[in-house]
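Next comes protein.pdb, with PDB, C-alpha atoms.
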MODEL        1
ATOM      1  CA  MET H   1      20.006  20.705 -25.479  1.00  0.00           C
ATOM      2  CA  PRO H   2      19.185  20.989 -21.753  1.00  0.00           C
ATOM      3  CA  GLU H   3      17.508  24.378 -22.200  1.00  0.00           C
ATOM      4  CA  LYS H   4      15.129  22.985 -24.779  1.00  0.00           C
ATOM      5  CA  ARG H   5      14.284  20.024 -22.553  1.00  0.00           C
ATOM      6  CA  VAL H   6      13.383  22.332 -19.674  1.00  0.00           C
ATOM      7  CA  ALA H   7      11.233  24.497 -21.950  1.00  0.00           C
ATOM      8  CA  ALA H   8       9.402  21.480 -23.360  1.00  0.00           C
ATOM      9  CA  ASP H   9       8.557  20.241 -19.877  1.00  0.00           C
ATOM     10  CA  ASP H  10       7.683  23.620 -18.371  1.00  0.00           C
ATOM     11  CA  PRO H  11       4.341  22.985 -16.581  1.00  0.00           C
ATOM     12  CA  VAL H  12       3.471  26.682 -16.407  1.00  0.00           C
ATOM     13  CA  ARG H  13       3.951  27.143 -20.146  1.00  0.00           C
ATOM     14  CA  THR H  14       1.988  23.969 -20.839  1.00  0.00           C
ATOM     15  CA  LEU H  15      -0.827  25.191 -18.605  1.00  0.00           C
ATOM     16  CA  ALA H  16      -1.024  28.469 -20.532  1.00  0.00           C
ATOM     17  CA  LEU H  17      -1.097  26.505 -23.784  1.00  0.00           C
ATOM     18  CA  LEU H  18      -3.871  24.216 -22.558  1.00  0.00           C
ATOM     19  CA  TRP H  19      -6.119  27.100 -21.543  1.00  0.00           C
ATOM     20  CA  GLY H  20      -5.151  29.483 -24.321  1.00  0.00           C
ATOM     21  CA  PRO H  21      -6.681  29.954 -27.788  1.00  0.00           C
ATOM     22  CA  GLN H  22      -6.048  27.022 -30.102  1.00  0.00           C
ATOM     23  CA  ASP H  23      -7.506  28.332 -33.355  1.00  0.00           C
ATOM     24  CA  ARG H  24      -5.186  31.295 -33.815  1.00  0.00           C
ATOM     25  CA  PRO H  25      -3.024  30.719 -36.920  1.00  0.00           C
ATOM     26  CA  GLY H  26       0.676  31.490 -36.874  1.00  0.00           C
ATOM     27  CA  ARG H  27       2.853  32.695 -39.724  1.00  0.00           C
ATOM     28  CA  SER H  28       2.786  29.249 -41.299  1.00  0.00           C
ATOM     29  CA  GLY H  29      -1.008  29.165 -41.147  1.00  0.00           C
ATOM     30  CA  LEU H  30      -0.947  26.327 -38.634  1.00  0.00           C
ATOM     31  CA  THR H  31      -3.006  26.316 -35.453  1.00  0.00           C
ATOM     32  CA  VAL H  32      -2.584  24.402 -32.212  1.00  0.00           C
ATOM     33  CA  ARG H  33      -5.872  22.662 -32.915  1.00  0.00           C
ATOM     34  CA  ALA H  34      -4.651  21.390 -36.288  1.00  0.00           C
ATOM     35  CA  ILE H  35      -1.426  20.155 -34.717  1.00  0.00           C
ATOM     36  CA  VAL H  36      -3.336  18.281 -32.012  1.00  0.00           C
ATOM     37  CA  GLN H  37      -5.675  16.749 -34.585  1.00  0.00           C
ATOM     38  CA  ALA H  38      -2.699  15.460 -36.571  1.00  0.00           C
ATOM     39  CA  ALA H  39      -1.199  14.077 -33.357  1.00  0.00           C
ATOM     40  CA  GLU H  40      -4.451  12.286 -32.566  1.00  0.00           C
ATOM     41  CA  GLU H  41      -4.549  10.683 -35.996  1.00  0.00           C
ATOM     42  CA  LEU H  42      -0.984   9.439 -35.592  1.00  0.00           C
ATOM     43  CA  ALA H  43      -1.600   8.065 -32.094  1.00  0.00           C
ATOM     44  CA  ASP H  44      -4.856   6.349 -33.095  1.00  0.00           C
ATOM     45  CA  ALA H  45      -3.124   4.709 -36.056  1.00  0.00           C
ATOM     46  CA  GLY H  46       0.162   3.673 -34.483  1.00  0.00           C
ATOM     47  CA  GLY H  47       0.075   4.196 -30.738  1.00  0.00           C
ATOM     48  CA  ILE H  48       1.917   6.796 -28.749  1.00  0.00           C
ATOM     49  CA  GLU H  49       5.251   5.547 -30.123  1.00  0.00           C
ATOM     50  CA  ALA H  50       4.221   6.826 -33.551  1.00  0.00           C
ATOM     51  CA  LEU H  51       3.862  10.355 -32.219  1.00  0.00           C
ATOM     52  CA  SER H  52       6.735  12.783 -32.672  1.00  0.00           C
ATOM     53  CA  MET H  53       7.070  16.433 -33.595  1.00  0.00           C
ATOM     54  CA  ARG H  54       8.600  15.440 -36.936  1.00  0.00           C
ATOM     55  CA  ALA H  55       5.779  12.979 -37.678  1.00  0.00           C
ATOM     56  CA  VAL H  56       3.189  15.668 -36.932  1.00  0.00           C
ATOM     57  CA  ALA H  57       5.019  18.110 -39.198  1.00  0.00           C
ATOM     58  CA  ASP H  58       5.179  15.547 -42.012  1.00  0.00           C
ATOM     59  CA  ARG H  59       1.473  14.821 -41.675  1.00  0.00           C
ATOM     60  CA  LEU H  60       0.685  18.528 -41.953  1.00  0.00           C
ATOM     61  CA  GLY H  61       3.165  19.104 -44.767  1.00  0.00           C
ATOM     62  CA  ALA H  62       5.058  21.614 -42.651  1.00  0.00           C
ATOM     63  CA  GLY H  63       8.549  22.064 -41.302  1.00  0.00           C
ATOM     64  CA  THR H  64       9.297  20.615 -37.876  1.00  0.00           C
ATOM     65  CA  MET H  65      10.406  23.984 -36.505  1.00  0.00           C
ATOM     66  CA  SER H  66       7.032  25.489 -37.438  1.00  0.00           C
ATOM     67  CA  ILE H  67       5.420  22.983 -35.055  1.00  0.00           C
ATOM     68  CA  TYR H  68       7.738  24.132 -32.258  1.00  0.00           C
ATOM     69  CA  THR H  69       6.587  27.721 -32.691  1.00  0.00           C
ATOM     70  CA  HIS H  70       3.128  26.581 -31.538  1.00  0.00           C
ATOM     71  CA  VAL H  71       3.937  23.716 -29.153  1.00  0.00           C
ATOM     72  CA  PRO H  72       7.252  23.660 -27.246  1.00  0.00           C
ATOM     73  CA  GLY H  73       7.782  19.901 -27.353  1.00  0.00           C
ATOM     74  CA  LYS H  74       6.292  16.425 -27.189  1.00  0.00           C
ATOM     75  CA  PRO H  75       5.364  16.541 -23.464  1.00  0.00           C
ATOM     76  CA  ALA H  76       3.200  19.616 -24.086  1.00  0.00           C
ATOM     77  CA  LEU H  77       1.761  18.039 -27.238  1.00  0.00           C
ATOM     78  CA  VAL H  78       0.826  14.881 -25.347  1.00  0.00           C
ATOM     79  CA  ALA H  79      -0.834  16.981 -22.634  1.00  0.00           C
ATOM     80  CA  LEU H  80      -2.853  18.839 -25.266  1.00  0.00           C
ATOM     81  CA  LEU H  81      -3.784  15.554 -26.925  1.00  0.00           C
ATOM     82  CA  ILE H  82      -4.944  13.898 -23.708  1.00  0.00           C
ATOM     83  CA  ASP H  83      -6.973  16.955 -22.726  1.00  0.00           C
ATOM     84  CA  THR H  84      -8.591  17.106 -26.170  1.00  0.00           C
ATOM     85  CA  VAL H  85      -9.740  13.480 -26.418  1.00  0.00           C
ATOM     86  CA  THR H  86     -10.789  13.427 -22.764  1.00  0.00           C
ATOM     87  CA  GLY H  87     -13.096  16.325 -23.503  1.00  0.00           C
ATOM     88  CA  ARG H  88     -15.249  14.035 -25.649  1.00  0.00           C
ATOM     89  CA  THR H  89     -16.070  11.638 -22.812  1.00  0.00           C
ATOM     90  CA  TYR H  90     -19.373  13.436 -22.202  1.00  0.00           C
ATOM     91  CA  PRO H  91     -20.802  15.322 -25.184  1.00  0.00           C
ATOM     92  CA  ASP H  92     -23.254  16.676 -22.612  1.00  0.00           C
ATOM     93  CA  PRO H  93     -21.244  17.521 -19.476  1.00  0.00           C
ATOM     94  CA  ASP H  94     -24.408  17.342 -17.363  1.00  0.00           C
ATOM     95  CA  GLU H  95     -25.102  13.717 -18.340  1.00  0.00           C
ATOM     96  CA  PRO H  96     -23.710  12.142 -15.125  1.00  0.00           C
ATOM     97  CA  ALA H  97     -25.649  14.546 -12.900  1.00  0.00           C
ATOM     98  CA  ARG H  98     -28.893  13.801 -14.761  1.00  0.00           C
ATOM     99  CA  GLN H  99     -28.850  10.120 -13.797  1.00  0.00           C
ATOM    100  CA  PRO H 100     -31.572   9.027 -11.340  1.00  0.00           C
ATOM    101  CA  ASP H 101     -29.121   8.319  -8.490  1.00  0.00           C
ATOM    102  CA  TRP H 102     -25.430   8.233  -7.670  1.00  0.00           C
ATOM    103  CA  ARG H 103     -25.139   4.500  -8.377  1.00  0.00           C
ATOM    104  CA  SER H 104     -26.510   4.964 -11.891  1.00  0.00           C
ATOM    105  CA  ALA H 105     -24.194   7.924 -12.356  1.00  0.00           C
ATOM    106  CA  LEU H 106     -21.102   5.931 -11.385  1.00  0.00           C
ATOM    107  CA  ARG H 107     -22.139   3.136 -13.732  1.00  0.00           C
ATOM    108  CA  LEU H 108     -22.414   5.680 -16.534  1.00  0.00           C
ATOM    109  CA  ILE H 109     -19.039   7.164 -15.607  1.00  0.00           C
ATOM    110  CA  ALA H 110     -17.430   3.726 -15.705  1.00  0.00           C
ATOM    111  CA  ARG H 111     -19.009   2.939 -19.070  1.00  0.00           C
ATOM    112  CA  ARG H 112     -18.000   6.261 -20.654  1.00  0.00           C
ATOM    113  CA  ASN H 113     -14.394   5.903 -19.491  1.00  0.00           C
ATOM    114  CA  TRP H 114     -14.286   2.293 -20.727  1.00  0.00           C
ATOM    115  CA  GLU H 115     -15.450   3.552 -24.126  1.00  0.00           C
ATOM    116  CA  LEU H 116     -12.838   6.331 -24.055  1.00  0.00           C
ATOM    117  CA  PHE H 117     -10.023   3.807 -23.608  1.00  0.00           C
ATOM    118  CA  ALA H 118     -11.494   1.589 -26.321  1.00  0.00           C
ATOM    119  CA  ARG H 119     -11.453   4.521 -28.768  1.00  0.00           C
ATOM    120  CA  HIS H 120      -7.954   5.618 -27.802  1.00  0.00           C
ATOM    121  CA  PRO H 121      -6.012   2.679 -26.310  1.00  0.00           C
ATOM    122  CA  TRP H 122      -2.798   4.703 -26.538  1.00  0.00           C
ATOM    123  CA  LEU H 123      -4.049   6.596 -23.471  1.00  0.00           C
ATOM    124  CA  LEU H 124      -3.140   3.470 -21.506  1.00  0.00           C
ATOM    125  CA  GLN H 125       0.454   3.646 -22.761  1.00  0.00           C
ATOM    126  CA  ILE H 126       1.155   7.015 -21.141  1.00  0.00           C
ATOM    127  CA  PRO H 127       2.297   6.925 -17.503  1.00  0.00           C
ATOM    128  CA  GLN H 128       0.634   9.725 -15.576  1.00  0.00           C
ATOM    129  CA  GLY H 129       1.474  10.783 -12.065  1.00  0.00           C
ATOM    130  CA  ARG H 130       0.521  14.402 -11.624  1.00  0.00           C
ATOM    131  CA  PRO H 131      -2.732  15.366 -13.343  1.00  0.00           C
ATOM    132  CA  ILE H 132      -2.959  17.322 -16.566  1.00  0.00           C
ATOM    133  CA  LEU H 133      -4.883  20.410 -15.509  1.00  0.00           C
ATOM    134  CA  GLY H 134      -6.429  21.259 -18.864  1.00  0.00           C
ATOM    135  CA  PRO H 135      -9.903  22.728 -19.368  1.00  0.00           C
ATOM    136  CA  HIS H 136     -11.457  19.537 -20.722  1.00  0.00           C
ATOM    137  CA  ILE H 137     -10.003  17.299 -18.035  1.00  0.00           C
ATOM    138  CA  SER H 138     -11.107  19.813 -15.397  1.00  0.00           C
ATOM    139  CA  ARG H 139     -14.620  19.829 -16.851  1.00  0.00           C
ATOM    140  CA  LYS H 140     -14.699  16.025 -16.872  1.00  0.00           C
ATOM    141  CA  TYR H 141     -13.681  15.980 -13.204  1.00  0.00           C
ATOM    142  CA  GLU H 142     -16.450  18.453 -12.403  1.00  0.00           C
ATOM    143  CA  SER H 143     -19.019  16.399 -14.319  1.00  0.00           C
ATOM    144  CA  GLU H 144     -18.038  13.176 -12.568  1.00  0.00           C
ATOM    145  CA  LEU H 145     -17.995  14.664  -9.080  1.00  0.00           C
ATOM    146  CA  ARG H 146     -21.396  16.355  -9.192  1.00  0.00           C
ATOM    147  CA  PRO H 147     -23.486  13.165  -8.763  1.00  0.00           C
ATOM    148  CA  LEU H 148     -21.517  12.464  -5.564  1.00  0.00           C
ATOM    149  CA  ASP H 149     -22.088  15.896  -4.087  1.00  0.00           C
ATOM    150  CA  ARG H 150     -24.359  16.102  -1.020  1.00  0.00           C
ATOM    151  CA  ILE H 151     -25.029  12.364  -0.752  1.00  0.00           C
ATOM    152  CA  GLY H 152     -23.202  12.053   2.572  1.00  0.00           C
ATOM    153  CA  LEU H 153     -19.544  11.871   1.549  1.00  0.00           C
ATOM    154  CA  THR H 154     -16.833  14.299   2.535  1.00  0.00           C
ATOM    155  CA  ASP H 155     -15.049  16.127  -0.266  1.00  0.00           C
ATOM    156  CA  ALA H 156     -12.007  13.877   0.097  1.00  0.00           C
ATOM    157  CA  GLU H 157     -14.244  10.789   0.029  1.00  0.00           C
ATOM    158  CA  MET H 158     -15.950  12.016  -3.132  1.00  0.00           C
ATOM    159  CA  ASP H 159     -12.554  12.200  -4.820  1.00  0.00           C
ATOM    160  CA  GLY H 160     -11.616   8.803  -3.375  1.00  0.00           C
ATOM    161  CA  VAL H 161     -14.756   7.095  -4.673  1.00  0.00           C
ATOM    162  CA  LEU H 162     -14.306   8.570  -8.132  1.00  0.00           C
ATOM    163  CA  THR H 163     -10.622   7.657  -8.211  1.00  0.00           C
ATOM    164  CA  THR H 164     -11.393   4.086  -7.183  1.00  0.00           C
ATOM    165  CA  VAL H 165     -13.929   3.702  -9.982  1.00  0.00           C
ATOM    166  CA  LEU H 166     -11.654   5.270 -12.601  1.00  0.00           C
ATOM    167  CA  MET H 167      -8.627   3.179 -11.588  1.00  0.00           C
ATOM    168  CA  HIS H 168     -10.783   0.047 -11.677  1.00  0.00           C
ATOM    169  CA  VAL H 169     -11.830   0.906 -15.230  1.00  0.00           C
ATOM    170  CA  GLN H 170      -8.322   1.850 -16.308  1.00  0.00           C
ATOM    171  CA  GLY H 171      -6.760  -1.364 -15.047  1.00  0.00           C
ATOM    172  CA  LEU H 172      -9.289  -3.569 -16.806  1.00  0.00           C
ATOM    173  CA  ALA H 173      -9.143  -1.456 -19.960  1.00  0.00           C
ATOM    174  CA  ARG H 174      -5.375  -2.028 -20.006  1.00  0.00           C
ATOM    175  CA  TRP H 175      -5.995  -5.779 -19.741  1.00  0.00           C
ATOM    176  CA  GLN H 176      -8.589  -5.558 -22.524  1.00  0.00           C
ATOM    177  CA  ALA H 177      -6.156  -3.686 -24.775  1.00  0.00           C
ATOM    178  CA  ALA H 178      -3.486  -6.332 -24.165  1.00  0.00           C
ATOM    179  CA  LEU H 179      -5.955  -9.122 -24.968  1.00  0.00           C
ATOM    180  CA  THR H 180      -6.970  -7.358 -28.170  1.00  0.00           C
ATOM    181  CA  ALA H 181      -3.313  -7.080 -29.173  1.00  0.00           C
ATOM    182  CA  ASP H 182      -2.728 -10.781 -28.397  1.00  0.00           C
ATOM    183  CA  ARG H 183      -5.732 -11.820 -30.462  1.00  0.00           C
ATOM    184  CA  SER H 184      -4.740  -9.760 -33.474  1.00  0.00           C
ATOM    185  CA  GLY H 185      -1.089 -10.773 -33.223  1.00  0.00           C
ATOM    186  CA  GLY H 186      -1.613 -14.488 -32.643  1.00  0.00           C
ATOM    187  CA  GLY H 187      -4.344 -15.020 -35.205  1.00  0.00           C
ATOM    188  CA  GLU H 188      -6.436 -17.117 -32.824  1.00  0.00           C
ATOM    189  CA  ASP H 189      -9.403 -16.361 -30.615  1.00  0.00           C
ATOM    190  CA  ASP H 190      -9.506 -17.005 -26.880  1.00  0.00           C
ATOM    191  CA  GLU H 191     -11.272 -20.354 -27.215  1.00  0.00           C
ATOM    192  CA  GLN H 192      -8.656 -21.643 -29.654  1.00  0.00           C
ATOM    193  CA  TRP H 193      -5.893 -20.396 -27.373  1.00  0.00           C
ATOM    194  CA  TRP H 194      -7.396 -22.071 -24.322  1.00  0.00           C
ATOM    195  CA  ARG H 195      -7.911 -25.383 -26.117  1.00  0.00           C
ATOM    196  CA  ALA H 196      -4.232 -25.359 -27.087  1.00  0.00           C
ATOM    197  CA  VAL H 197      -2.921 -24.289 -23.693  1.00  0.00           C
ATOM    198  CA  GLU H 198      -5.147 -26.295 -21.321  1.00  0.00           C
ATOM    199  CA  PRO H 199      -3.818 -29.808 -22.093  1.00  0.00           C
ATOM    200  CA  ALA H 200      -0.221 -28.550 -22.178  1.00  0.00           C
ATOM    201  CA  LEU H 201      -0.690 -26.897 -18.800  1.00  0.00           C
ATOM    202  CA  ALA H 202      -2.271 -30.037 -17.346  1.00  0.00           C
ATOM    203  CA  ALA H 203       0.789 -32.018 -18.442  1.00  0.00           C
ATOM    204  CA  VAL H 204       3.269 -29.854 -16.534  1.00  0.00           C
ATOM    205  CA  MET H 205       1.280 -28.622 -13.525  1.00  0.00           C
ATOM    206  CA  ASP H 206       0.944 -30.879 -10.488  1.00  0.00           C
ATOM    207  CA  PRO H 207      -2.650 -30.382  -9.237  1.00  0.00           C
ATOM    208  CA  ALA H 208      -1.558 -31.210  -5.684  1.00  0.00           C
ATOM    209  CA  ALA H 209       0.791 -28.206  -5.644  1.00  0.00           C
ATOM    210  CA  PHE H 210      -1.871 -25.792  -6.838  1.00  0.00           C
ATOM    211  CA  PRO H 211      -5.169 -27.102  -5.445  1.00  0.00           C
ATOM    212  CA  VAL H 212      -7.058 -23.792  -5.231  1.00  0.00           C
ATOM    213  CA  SER H 213      -5.600 -21.885  -8.168  1.00  0.00           C
ATOM    214  CA  GLY H 214      -5.821 -24.963 -10.388  1.00  0.00           C
ATOM    215  CA  ARG H 215      -9.481 -25.460  -9.532  1.00  0.00           C
ATOM    216  CA  VAL H 216     -10.367 -21.791 -10.002  1.00  0.00           C
ATOM    217  CA  GLY H 217      -8.369 -21.501 -13.217  1.00  0.00           C
ATOM    218  CA  ARG H 218     -10.104 -24.523 -14.704  1.00  0.00           C
ATOM    219  CA  ALA H 219     -13.514 -23.163 -13.711  1.00  0.00           C
ATOM    220  CA  VAL H 220     -12.786 -19.819 -15.369  1.00  0.00           C
ATOM    221  CA  GLY H 221     -11.437 -21.490 -18.483  1.00  0.00           C
ATOM    222  CA  GLU H 222     -14.441 -23.789 -18.794  1.00  0.00           C
ATOM    223  CA  GLN H 223     -16.899 -20.948 -18.249  1.00  0.00           C
ATOM    224  CA  LEU H 224     -15.257 -18.362 -20.508  1.00  0.00           C
ATOM    225  CA  ASN H 225     -13.114 -20.430 -22.880  1.00  0.00           C
ATOM    226  CA  SER H 226     -10.469 -17.868 -21.996  1.00  0.00           C
ATOM    227  CA  ALA H 227      -8.178 -16.815 -19.177  1.00  0.00           C
ATOM    228  CA  GLY H 228     -10.620 -14.074 -18.224  1.00  0.00           C
ATOM    229  CA  ASP H 229     -13.138 -11.468 -19.340  1.00  0.00           C
ATOM    230  CA  PRO H 230     -12.227  -7.835 -18.567  1.00  0.00           C
ATOM    231  CA  ALA H 231     -15.730  -6.568 -19.329  1.00  0.00           C
ATOM    232  CA  ALA H 232     -17.328  -9.053 -16.924  1.00  0.00           C
ATOM    233  CA  SER H 233     -14.719  -8.222 -14.290  1.00  0.00           C
ATOM    234  CA  LEU H 234     -15.517  -4.553 -14.797  1.00  0.00           C
ATOM    235  CA  ASP H 235     -19.166  -5.067 -13.873  1.00  0.00           C
ATOM    236  CA  PHE H 236     -18.394  -7.415 -10.992  1.00  0.00           C
ATOM    237  CA  GLY H 237     -15.831  -5.094  -9.424  1.00  0.00           C
ATOM    238  CA  LEU H 238     -17.963  -2.022  -9.962  1.00  0.00           C
ATOM    239  CA  ASP H 239     -20.861  -3.670  -8.136  1.00  0.00           C
ATOM    240  CA  ARG H 240     -18.578  -4.377  -5.179  1.00  0.00           C
ATOM    241  CA  ILE H 241     -17.318  -0.770  -5.140  1.00  0.00           C
ATOM    242  CA  LEU H 242     -20.840   0.621  -5.222  1.00  0.00           C
ATOM    243  CA  ASP H 243     -21.961  -1.751  -2.479  1.00  0.00           C
ATOM    244  CA  GLY H 244     -19.068  -0.545  -0.343  1.00  0.00           C
ATOM    245  CA  VAL H 245     -20.028   3.099  -0.839  1.00  0.00           C
ATOM    246  CA  GLU H 246     -23.652   2.244  -0.046  1.00  0.00           C
ATOM    247  CA  ARG H 247     -22.585   0.606   3.187  1.00  0.00           C
ATOM    248  CA  LEU H 248     -20.463   3.622   4.118  1.00  0.00           C
ATOM    249  CA  LEU H 249     -23.408   5.955   3.554  1.00  0.00           C
ATOM    250  CA  ALA H 250     -25.836   3.681   5.383  1.00  0.00           C
ATOM    251  CA  GLY H 251     -23.679   3.811   8.493  1.00  0.00           C
ATOM    252  CA  ARG H 252     -24.064   7.579   8.601  1.00  0.00           C
ATOM    253  CA  ARG H 253     -27.829   7.832   8.267  1.00  0.00           C
ATOM    254  CA  PRO H 254     -29.687   9.235  11.272  1.00  0.00           C
ATOM    255  CA  ASP H 255     -31.759   6.079  11.719  1.00  0.00           C
ATOM    256  CA  ARG H 256     -28.561   4.157  12.397  1.00  0.00           C
TER     257      ARG H 256
ENDMDL
END

Would you put the structure from the file into structure tokens?
Amino acid sequence: MPEKRVAADDPVRTLALLWGPQDRPGRSGLTVRAIVQAAEELADAGGIEALSMRAVADRLGAGTMSIYTHVPGKPALVALLIDTVTGRTYPDPDEPARQPDWRSALRLIARRNWELFARHPWLLQIPQGRPILGPHISRKYESELRPLDRIGLTDAEMDGVLTTVLMHVQGLARWQAALTADRSGGGEDDEQWWRAVEPALAAVMDPAAFPVSGRVGRAVGEQLNSAGDPAASLDFGLDRILDGVERLLAGRRPDR
């Protein structure tokens, strides 16, 4: 029904749910925290497609309507789920700020977010435009911004640097997740795949038509025995991002 759809997607209600108590049992004895935990187990096992209000109810041995008395619908449940798992990125929220310098902090931030996506690849299946303004996500944002504070960036630039790093990680984590799925589905590793594909590609591709891409593709294949390495690309790209920030800051120093 349209009314139920509007209620499920109500951002104000979802915000109150995110910041409200999650251990208070209802008449059925269920809590929001237990519902979110069941949702996490389903998503970790089968991806976000496996998550539904009915599936959560079945996992908890409860009626579907009893889930709706705590969480208005799947959009709110997904928001709660994302906020919950994101909150584990830094067991110590001061960890980024304790790094010796901002470059080390951004490397840590990249590594922790890479690990987050590896633990919960279903996060990469959820399109997100507007942010989920939950307490854990807000705390993560605070933790990741603090190492950039007072180093010479404007507030907007601090957000821009962090966003650039996080989007770099997210894009490569999505590639890594797709590679992992290909490997498990095809039953062959990257080297076996490349050995099978390389001669077939050479038979159909005219080197004269693709002089640069052919040369670069062969070099990558010979070096990696694969079409690419997301983890290596993560480090390479992160170095270039950090160098760019360093150059921006250097241009603002008094001695310049």

Enter the distance from CA of Trp194 (chain H) to CA of Ala232 (chain H), in Å, rounded to one decimal.
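CA of Trp194 (chain H) sits 18.0 Å away from CA of Ala232 (chain H).
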
Interatomic distance (Å, one decimal) between CA of Glu142 (chain H) and CA of Glu115 (chain H)
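The value is 19.0 Å.
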
Residue contacts of region 9-26 of chain H (9 Å, all atoms listed in the file) excluding same-chain residues fewer than 6 positions away, as a ChimeraX atom specification:
/H:32-34,66,69-77,79-80,83,132-135

Interatomic distance between CA of Leu116 (chain H) and CA of Pro100 (chain H)?
22.8 Å

Just say which residues the PyMOL selection byres ((chain H and resi 139) around 12) picks in this file, as number ranges by chain.
H: 83-84, 86-94, 132-138, 140-146

Just say which residues the PyMOL selection byres ((chain H and resi 166) around 12) picks in this file, as a PyMOL selection string.
chain H and resi 106-114+116-117+140-141+144-145+159-165+167-173+234+237-238+241

If you keep C-alpha atoms, can you produce a file of those selected residues as a PDB file, in the frame of the given file?
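So the final result, stored in selection.pdb, reads:
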ATOM      1  CA  LEU H 106     -21.102   5.931 -11.385  1.00  0.00           C
ATOM      2  CA  ARG H 107     -22.139   3.136 -13.732  1.00  0.00           C
ATOM      3  CA  LEU H 108     -22.414   5.680 -16.534  1.00  0.00           C
ATOM      4  CA  ILE H 109     -19.039   7.164 -15.607  1.00  0.00           C
ATOM      5  CA  ALA H 110     -17.430   3.726 -15.705  1.00  0.00           C
ATOM      6  CA  ARG H 111     -19.009   2.939 -19.070  1.00  0.00           C
ATOM      7  CA  ARG H 112     -18.000   6.261 -20.654  1.00  0.00           C
ATOM      8  CA  ASN H 113     -14.394   5.903 -19.491  1.00  0.00           C
ATOM      9  CA  TRP H 114     -14.286   2.293 -20.727  1.00  0.00           C
ATOM     10  CA  LEU H 116     -12.838   6.331 -24.055  1.00  0.00           C
ATOM     11  CA  PHE H 117     -10.023   3.807 -23.608  1.00  0.00           C
ATOM     12  CA  LYS H 140     -14.699  16.025 -16.872  1.00  0.00           C
ATOM     13  CA  TYR H 141     -13.681  15.980 -13.204  1.00  0.00           C
ATOM     14  CA  GLU H 144     -18.038  13.176 -12.568  1.00  0.00           C
ATOM     15  CA  LEU H 145     -17.995  14.664  -9.080  1.00  0.00           C
ATOM     16  CA  ASP H 159     -12.554  12.200  -4.820  1.00  0.00           C
ATOM     17  CA  GLY H 160     -11.616   8.803  -3.375  1.00  0.00           C
ATOM     18  CA  VAL H 161     -14.756   7.095  -4.673  1.00  0.00           C
ATOM     19  CA  LEU H 162     -14.306   8.570  -8.132  1.00  0.00           C
ATOM     20  CA  THR H 163     -10.622   7.657  -8.211  1.00  0.00           C
ATOM     21  CA  THR H 164     -11.393   4.086  -7.183  1.00  0.00           C
ATOM     22  CA  VAL H 165     -13.929   3.702  -9.982  1.00  0.00           C
ATOM     23  CA  MET H 167      -8.627   3.179 -11.588  1.00  0.00           C
ATOM     24  CA  HIS H 168     -10.783   0.047 -11.677  1.00  0.00           C
ATOM     25  CA  VAL H 169     -11.830   0.906 -15.230  1.00  0.00           C
ATOM     26  CA  GLN H 170      -8.322   1.850 -16.308  1.00  0.00           C
ATOM     27  CA  GLY H 171      -6.760  -1.364 -15.047  1.00  0.00           C
ATOM     28  CA  LEU H 172      -9.289  -3.569 -16.806  1.00  0.00           C
ATOM     29  CA  ALA H 173      -9.143  -1.456 -19.960  1.00  0.00           C
ATOM     30  CA  LEU H 234     -15.517  -4.553 -14.797  1.00  0.00           C
ATOM     31  CA  GLY H 237     -15.831  -5.094  -9.424  1.00  0.00           C
ATOM     32  CA  LEU H 238     -17.963  -2.022  -9.962  1.00  0.00           C
ATOM     33  CA  ILE H 241     -17.318  -0.770  -5.140  1.00  0.00           C
TER      34      ILE H 241
END

Grab all the atoms of region 176-188 of chain H that the file lists, wrap them in a box along x, y and z, add 4 Å per side, and give me centre plus edge lengths in Å (one decimal) as lines of an AutoDock Vina configuration file.
center_x = -4.8
center_y = -10.4
center_z = -28.9
size_x = 15.5
size_y = 21.4
size_z = 20.7

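Residue nearest His120 (chain H) within the list H:Val204, H:Ala209, H:Ala45, H:Val197: H:Ala45 [criterion: smallest interatomic distance, only C-alpha atoms].
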
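Non-sequential neighbours of region 174-189 of chain H (distance at most 8 Å, separation of 2 or more positions within a chain, all atoms listed in the file) are H:Ala118, H:Pro121, H:Leu124, H:Gln170, H:Gly171, H:Leu172, H:Glu191, H:Gln192, H:Trp193, H:Pro230, H:Ala231.
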
Quick one: residues within 12 Å of Arg150 (chain H), only C-alpha atoms counted, chain neighbours fewer than 4 positions away excluded, as JSON, numbers by chain?
{"H": [101, 102, 145, 146, 154, 155, 157, 158, 249]}

My list of candidates is H:Val220, H:Val245, H:Ile48, H:Pro199. Which is closest to Ile82 (chain H) when distances are computed with only C-alpha atoms?
H:Ile48

Minimum-distance residue to Gln99 (chain H), chosen among H:Leu224, H:Val78, H:Leu148, H:Met65 (using all atoms listed in the file)
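Between H:Leu224, H:Val78, H:Leu148, H:Met65, the residue approaching Gln99 (chain H) most closely is H:Leu148.
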
I'd like to know which of H:Asp149, H:Gly63, H:Ala202, H:Arg119 is closest to Ala105 (chain H), using all atoms listed in the file.
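Smallest separation from Ala105 (chain H) among the options: H:Asp149.
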
Given the file above and the PyMOL selection byres ((chain H and resi 37-42) around 8), which residues are selected, and can you give them as a list in words?
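Applied to this file, the PyMOL selection byres ((chain H and resi 37-42) around 8) selects Arg33, Ala34, Ile35, Val36, Ala43, Asp44, Ala45, Gly46, Gly47, Ile48, Ala50, Leu51, Ala55, Val56, Arg59, Leu60, Leu77 and Leu81 of chain H.
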
Ranking H:Glu198, H:Asp58, H:Asp243, H:Glu49 by minimum distance to Ser226 (chain H) and counting all atoms listed in the file, which one comes first?
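The shortest atom-to-atom distance to Ser226 (chain H) comes from H:Glu198.
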